[in-house]
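S.K.: Sharing a structure with you now.
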Amino acid sequence: MSVTEGTDVVVIGSGFGGAIAAYHLAVGGARVVVLERGPWLSADEFDQDFKLGSSYTRIFDFTIGDGMSVLSGNCVGGGSVVYFATMPRAPGFVFERQGSIGRRMWPASISRETLDPWYDRAVEALPVTKQSWDQVPYGGGLWAAACRHAGRTANPAPTAVDVARCTNCNWMAAGCKFDAKRSLLLNYLPGAVEHGAEIRPLHEVQHLSRNDDGSYRVHYRIVDEVDYRVLHGSGAIDAKIVVLAAGTGATPVILQRSEPTLGAMPPAVGRYFSGNGERLNTAVFDEGKVRDLLGLSREDGVAYEAHQIGRGPTVASWDKLDGSLPEYERFSLEQLYFPPGLGTILAQAPDAGGPTWFGPEKKELLRRWKSWLTIFTMSEDDNEGVFGPPPATGSATRFSQQMLGHSSLQYHPTPNTRRGWELSDADVKDILERDGLAQVTPWTNDVVGAYTVHPLSSCRIGDDPATSALDDRHELRDHPGIFVTDGSAVPGALTVNPALTIAALAERAMPGIVQAARDRGVSVSYLGDLPEGVESSQARVLGRT
Amino acid sequence: MTLEAFADTIIPGEKRSSDDRAIAGVSTGGGAVTSGAVELLEHPAGGLAESLTGLAHLLNGHAVQYATEHAVQLDDEVPPFVALSFADRTALVARLTAVDHPEKALWVGVALFSNMAFDSAAHLSTAAAIADGHPGLLTMGYAPPDAEGTWQFPRYSYGRVLADLHPNTTPTGSPA
């Protein structure tokens with residue numbers, strides 16, 4: 001039976017965009033309901049287990065589109081629960097990018113300088129810290145030493161991992177059972193709940209409609225807790241404000257499906273998708289060269305053989321984050337552990353005489369898995385992704401009980417994007433094959449298309465209505481009262497891990513969303529505080545509102 | 001047997017016995033089949049279980065067509081795909097998973113699960129799989145859990161400065 005209820009604000013999704021909105025609106029006095037399509041797990045439910053049905057398959061989605069596959073969170077806390085918590089700020093030149101539209105794609109009101117105070121807040125809330133070299137796991141150390149051997153620099157990257165708690169188990173994609181990773185389950189979300197926000201897991205929003213009084217009705221289905229292909233009852237909630245933060249792969253789909261009931265969407269909804277220019281190279285190291293050329297060895301005398309040990313990307317090469325370089329030639333390179341299950345299939349055997357991603361030579365590559373290091377490129381793509389017609393429910397057609405699905409995303413990389421990838425591939429090869437240190441081959445796009453763990457821009461902010469679905473306050477054009485605060489709002493590729501920028505943009509959007517709620521009769525104030533009483537940035541942001 | 005032969009083409013292994021026809025035997029040690037590829041394909045959570053009979057039929061149809069095109073004589077005692085040599089199985093799988101093949105999504109799916117059986121034993125609990133000598137995880141050298149059944153690595157760092165920082169690093173540790 002369908003039930004309709006009412007609240008002040010419905011937040012769709014509980015990742016960075018949703019959690020930050022839920023926190024500030026609830027603290028400010030609004031009645032907030034958060035609808036999250038995935039389950040709600042905590043540390044003791046995060047498994048170190050690849051088995052189907054464990055947290056490893058329950059809490060993220062791998063959706064295969066035409067030319068692009070996307071990894072994203074599917075749980076309370078969203079991407080923050082499955083991400084690797086590498087949290088650099090985007091370099092200043094990113095905000096001046098023109099990309100495929102030939103003029104500045106970011107709103108005039110946003111630059112690195114104007115965003116820095118909002119970055120500060122997210123850094124305080126999670127918190128994000130710098131790592132020292134003696135905290136860097138073997139894989140990051142190997143990448144750093146290889147960079148130095150090639151005459152390059154390398155940085156331990158800022159992280160939202162409490163390194164003192166971390167066991168370097170490398171199970172981050174299944175959730176952190178030690179609560180070392182500072183996900184939203186540990187800060188914004190409990191803060192929101194403490195102030196009255198209600199979080200409802202396994203509620204998948206299907207579409208929105210508009211009521212006669214200008215409020216919105218949010219229509220959802222209940223997802224089976226084991227088999228996500230099975231949908232149970234339906235319901236609806238009326239709200240004066242809707243904050244849409246379902247994720248880059250889901251937010252535009254919900255809006256596309258809502259067109260019959262909401263009216264025409266801005267043309268940029270479901271367009272300009274960016275894969276953050278991401279690309280993966282697999283290196284297999286010569287252990288003898290690691291010892292002799294780089295002078296590295298572990299306590300047990302082994303030079304490396306430590307692919308399994310660590311915590312995602314810890315060391316980054318920023319030598320090509322040079323604003324004086326032409327657009328599409330700038331990128332960062334990070335060392336990365338990509339867990340078995342979905343990743344190794346794409347690794348290609350170097351110098352193979354037969355097929356590279358399967359077969360005998362691939363198996364020989366797998367025998368040397370402990371000596372692998374994956375190098376992760378984040379470059380400047382051309383926002384060339386477009387979503388096709390939405391599926392009947394959800395954001396993708398689920399193929400497996402959990403995790404796997406087919407999306408309507410089409411991504412056919414332009415020569416600009418391909419050139420950036422080729423430059424970064426050549427750079428990785430130059431660094432790692434020097435003096436025979438390793439053999440490197442890019443992961444193949446031919447199997448499941450390009451691959452991103454940081455989908456962006458499918459519903460982006462901007463000043464031009466033709467190329468941005470949202471204004472610079474994150475409000476959906478022509479649909480007042482609907483705001484989008486997730487990765488889909490980010491205008492383009494960032495050349496670095498985007499989570500902190502998504503969080504900073506969500507923080508920046510909050511005073512405006514609170515004001516919009518007040519204008520619609522909601523009794524709410526923007527207090528500018530942060531979870532767990534972090535107050536040092538409060539005065540700065542209140543001074544700006 | 002047909003699906004075993006497909007899985008063995010993705011990650012080959014050594015024959016289970018001298019009369020093993022499904023496994024071509026082009027590699028030493030366990031491969032996808034002995035890692036549990038068919039068990040994983042049959043797992044109801046995977047999404048392929050109900051399609052497997054049809055997929056095997058489809059694959060054998062492609063094998064017959066391939067054999068006809070290449071004048072390969074097939075042994076009637078085993079399914080057509082199993083009757084192909086390892087080189088011919090490989091060539092056919094490459095064709096079916098090529099970028100422009102209309103059935104690409106199906107065969108990439110079967111390949112994905114075949115690979116997952118080997119690299120992550122997704123039909124088994126990981127700790128138990130390792131304890132039982134899972135061929136794939138052991139071939140890769142995946143470290144076993146500790147006595148409590150968890151993975152923790154108290155030794156994890158070379159413990160020293162290994163590169164110069166980028167000159168435009170801000171006090172927050174980010175690029176400028």
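Residue numbering restarts at 1 in every chain; chains get A, B, ... in the order shown in the structure tokens, and ligands count up from 1 in that same order.
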Could you list, as a PyMOL selection string, the residues of chain B having an atom within 7 Å of chain A when counting only C-alpha atoms?

M.R.: chain B and resi 9-12+27+45-47+99+108+112+115-116+119-126+139-141+150-154+156-166+173-176

S.K.: Report as a PyMOL selection string: the residues of stretch 346-534 of chain A with a DSSP assignment of alpha helix (DSSP H), based on the backbone of this structure.

M.R.: chain A and resi 360-367+415-432+499-519

S.K.: Give me, please, the distance in Å between atom CA of A:Lys181 and atom CA of A:Gly38, quoted to one decimal.

M.R.: 19.3 Å

S.K.: So that I can check the surroundings of A:Ala493, please list as a PDB file with N, CA and C atoms, in the first residue's frame every protein, DNA and RNA residue that reaches within 6 Å of it, counting only C-alpha atoms and ignoring chain neighbours fewer than 2 positions away.

M.R.:
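Once written, result.pdb looks like this:
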```
ATOM      1  N   ASN A 276      36.404  11.786 -14.971  1.00  0.00           N
ATOM      2  CA  ASN A 276      37.573  12.377 -14.304  1.00  0.00           C
ATOM      3  C   ASN A 276      38.860  12.022 -15.043  1.00  0.00           C
ATOM      4  N   GLU A 380      42.297  15.260 -17.829  1.00  0.00           N
ATOM      5  CA  GLU A 380      41.232  16.188 -18.231  1.00  0.00           C
ATOM      6  C   GLU A 380      40.497  15.614 -19.442  1.00  0.00           C
ATOM      7  N   THR A 495      41.484  16.362 -12.144  1.00  0.00           N
ATOM      8  CA  THR A 495      42.883  15.915 -12.207  1.00  0.00           C
ATOM      9  C   THR A 495      43.393  15.336 -10.883  1.00  0.00           C
TER      10      THR A 495
END
```

S.K.: Give me, as a PDB file with C-alpha atoms, in the first residue's frame, the residues of stretch 200-354 of chain A that a backbone DSSP run labels strand (DSSP E or B).

M.R.:
```
ATOM      1  CA  ARG A 200      15.964   5.343   5.668  1.00  0.00           C
ATOM      2  CA  HIS A 203      14.656   3.310  -0.143  1.00  0.00           C
ATOM      3  CA  GLU A 204      15.272   3.823  -3.851  1.00  0.00           C
ATOM      4  CA  VAL A 205      13.829   7.036  -5.250  1.00  0.00           C
ATOM      5  CA  GLN A 206      12.230   6.542  -8.643  1.00  0.00           C
ATOM      6  CA  HIS A 207      10.907   9.961  -9.597  1.00  0.00           C
ATOM      7  CA  LEU A 208       9.696  13.345  -8.343  1.00  0.00           C
ATOM      8  CA  SER A 209       6.459  15.171  -8.964  1.00  0.00           C
ATOM      9  CA  ARG A 210       5.300  18.701  -8.136  1.00  0.00           C
ATOM     10  CA  TYR A 216       7.597  18.267  -4.296  1.00  0.00           C
ATOM     11  CA  ARG A 217       6.539  14.660  -3.877  1.00  0.00           C
ATOM     12  CA  VAL A 218       9.350  12.117  -3.777  1.00  0.00           C
ATOM     13  CA  HIS A 219       8.307   8.627  -4.935  1.00  0.00           C
ATOM     14  CA  TYR A 220      10.309   5.625  -3.802  1.00  0.00           C
ATOM     15  CA  ARG A 221      10.350   1.833  -3.796  1.00  0.00           C
ATOM     16  CA  ILE A 222      11.687  -0.420  -1.049  1.00  0.00           C
ATOM     17  CA  VAL A 223      14.676  -2.510  -2.132  1.00  0.00           C
ATOM     18  CA  LEU A 231      11.611  -4.127  -5.291  1.00  0.00           C
ATOM     19  CA  HIS A 232       8.914  -4.261  -2.645  1.00  0.00           C
ATOM     20  CA  GLY A 233       6.357  -1.636  -1.602  1.00  0.00           C
ATOM     21  CA  SER A 234       6.219   1.952  -2.708  1.00  0.00           C
ATOM     22  CA  GLY A 235       5.705   5.229  -0.898  1.00  0.00           C
ATOM     23  CA  ALA A 236       5.964   8.980  -1.258  1.00  0.00           C
ATOM     24  CA  ILE A 237       7.049  11.926   0.856  1.00  0.00           C
ATOM     25  CA  ASP A 238       6.111  15.556   0.310  1.00  0.00           C
ATOM     26  CA  ALA A 239       8.793  18.161   0.963  1.00  0.00           C
ATOM     27  CA  LYS A 240       9.298  21.859   0.420  1.00  0.00           C
ATOM     28  CA  ILE A 241      12.929  21.348  -0.526  1.00  0.00           C
ATOM     29  CA  VAL A 242      14.532  18.347  -2.232  1.00  0.00           C
ATOM     30  CA  VAL A 243      18.283  17.873  -2.124  1.00  0.00           C
ATOM     31  CA  LEU A 244      19.222  15.397  -4.801  1.00  0.00           C
ATOM     32  CA  PHE A 273      29.380  13.265 -17.826  1.00  0.00           C
ATOM     33  CA  SER A 274      33.082  13.071 -16.991  1.00  0.00           C
ATOM     34  CA  GLU A 278      40.714   8.197 -15.282  1.00  0.00           C
ATOM     35  CA  ARG A 279      42.921   5.445 -16.524  1.00  0.00           C
ATOM     36  CA  LEU A 280      44.840   2.578 -14.987  1.00  0.00           C
ATOM     37  CA  ASN A 281      48.232   1.130 -15.781  1.00  0.00           C
ATOM     38  CA  THR A 282      49.462  -2.121 -14.290  1.00  0.00           C
ATOM     39  CA  ALA A 283      53.156  -2.431 -13.515  1.00  0.00           C
ATOM     40  CA  VAL A 284      54.865  -5.643 -12.573  1.00  0.00           C
ATOM     41  CA  PHE A 285      58.176  -5.010 -10.864  1.00  0.00           C
ATOM     42  CA  GLY A 310      48.348  -0.842   2.486  1.00  0.00           C
ATOM     43  CA  VAL A 315      51.561   8.771  -2.840  1.00  0.00           C
ATOM     44  CA  ALA A 316      50.891  11.029  -5.812  1.00  0.00           C
ATOM     45  CA  SER A 317      53.010  12.497  -8.581  1.00  0.00           C
ATOM     46  CA  SER A 332      48.232  13.423 -11.674  1.00  0.00           C
ATOM     47  CA  LEU A 333      49.493   9.892 -11.116  1.00  0.00           C
ATOM     48  CA  GLU A 334      48.836   7.916  -7.941  1.00  0.00           C
ATOM     49  CA  GLN A 335      49.848   4.494  -6.818  1.00  0.00           C
ATOM     50  CA  LEU A 336      46.790   2.357  -6.147  1.00  0.00           C
TER      51      LEU A 336
END
```

S.K.: Go ahead and compute the interatomic distance for atom CA of A:Cys459 and atom CA of A:Ala489, in Å to one decimal.

M.R.: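 Interatomic distance, atom CA of A:Cys459 to atom CA of A:Ala489: 5.2 Å.
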
S.K.: What gap, in Å, lies between atom CA of B:His134 and atom CA of B:Leu40?

M.R.: 13.5 Å

S.K.: Please identify all polymer residues within 8 Å of B:Glu4, counting only C-alpha atoms, omitting same-chain residues fewer than 4 positions from it, and present them as a PyMOL selection string.

M.R.: chain B and resi 8+22-23+33+37-38

S.K.: Report as an mmCIF file with N, CA and C atoms, in the first residue's frame all protein, DNA and RNA residues lying within 9 Å of A:Gly77, evaluated on only C-alpha atoms, omitting residues in the same chain fewer than 3 positions from it.

M.R.:
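Generated file (around-v8.cif):
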```cif
data_model
loop_
_atom_site.group_PDB
_atom_site.id
_atom_site.type_symbol
_atom_site.label_atom_id
_atom_site.label_comp_id
_atom_site.auth_asym_id
_atom_site.auth_seq_id
_atom_site.Cartn_x
_atom_site.Cartn_y
_atom_site.Cartn_z
ATOM 1 N N GLY A 13 19.950 10.288 -1.159
ATOM 2 C CA GLY A 13 21.352 9.860 -1.156
ATOM 3 C C GLY A 13 22.053 10.332 0.099
ATOM 4 N N SER A 14 23.030 9.534 0.551
ATOM 5 C CA SER A 14 23.690 9.846 1.821
ATOM 6 C C SER A 14 25.207 9.869 1.704
ATOM 7 N N GLY A 15 25.707 10.086 0.493
ATOM 8 C CA GLY A 15 27.141 10.309 0.315
ATOM 9 C C GLY A 15 27.499 11.733 0.698
ATOM 10 N N PHE A 16 28.622 12.229 0.191
ATOM 11 C CA PHE A 16 29.085 13.552 0.617
ATOM 12 C C PHE A 16 28.017 14.624 0.418
ATOM 13 N N GLY A 18 24.739 14.382 0.119
ATOM 14 C CA GLY A 18 23.539 14.191 0.932
ATOM 15 C C GLY A 18 23.800 14.339 2.415
ATOM 16 N N ALA A 19 24.888 13.773 2.901
ATOM 17 C CA ALA A 19 25.173 13.793 4.340
ATOM 18 C C ALA A 19 25.424 15.213 4.831
ATOM 19 N N GLU A 36 18.015 6.540 1.153
ATOM 20 C CA GLU A 36 19.239 5.923 0.630
ATOM 21 C C GLU A 36 18.870 4.551 0.066
ATOM 22 N N TRP A 40 22.408 -0.007 5.374
ATOM 23 C CA TRP A 40 23.079 0.787 6.414
ATOM 24 C C TRP A 40 23.915 -0.163 7.259
ATOM 25 N N GLY A 73 29.409 4.047 -4.730
ATOM 26 C CA GLY A 73 28.890 3.536 -3.474
ATOM 27 C C GLY A 73 27.409 3.224 -3.566
ATOM 28 N N ASN A 74 26.963 2.264 -2.767
ATOM 29 C CA ASN A 74 25.545 1.936 -2.698
ATOM 30 C C ASN A 74 25.213 1.546 -1.255
ATOM 31 N N SER A 80 31.774 7.508 0.479
ATOM 32 C CA SER A 80 32.743 7.640 1.576
ATOM 33 C C SER A 80 33.006 6.310 2.274
ATOM 34 N N VAL A 81 32.083 5.363 2.130
ATOM 35 C CA VAL A 81 32.262 4.065 2.788
ATOM 36 C C VAL A 81 33.162 3.148 1.952
ATOM 37 N N VAL A 82 33.110 3.335 0.641
ATOM 38 C CA VAL A 82 33.878 2.441 -0.227
ATOM 39 C C VAL A 82 35.131 3.118 -0.790
ATOM 40 N N SER A 183 34.819 7.845 7.284
ATOM 41 C CA SER A 183 33.680 7.962 6.382
ATOM 42 C C SER A 183 32.618 8.853 7.006
ATOM 43 N N LEU A 184 31.589 9.149 6.226
ATOM 44 C CA LEU A 184 30.489 9.982 6.717
ATOM 45 C C LEU A 184 29.695 9.299 7.819
ATOM 46 N N LEU A 185 29.891 7.990 8.004
ATOM 47 C CA LEU A 185 29.220 7.270 9.088
ATOM 48 C C LEU A 185 29.745 7.713 10.452
ATOM 49 N N LEU A 189 26.860 12.161 9.265
ATOM 50 C CA LEU A 189 25.599 11.419 9.403
ATOM 51 C C LEU A 189 25.158 11.245 10.854
#
```
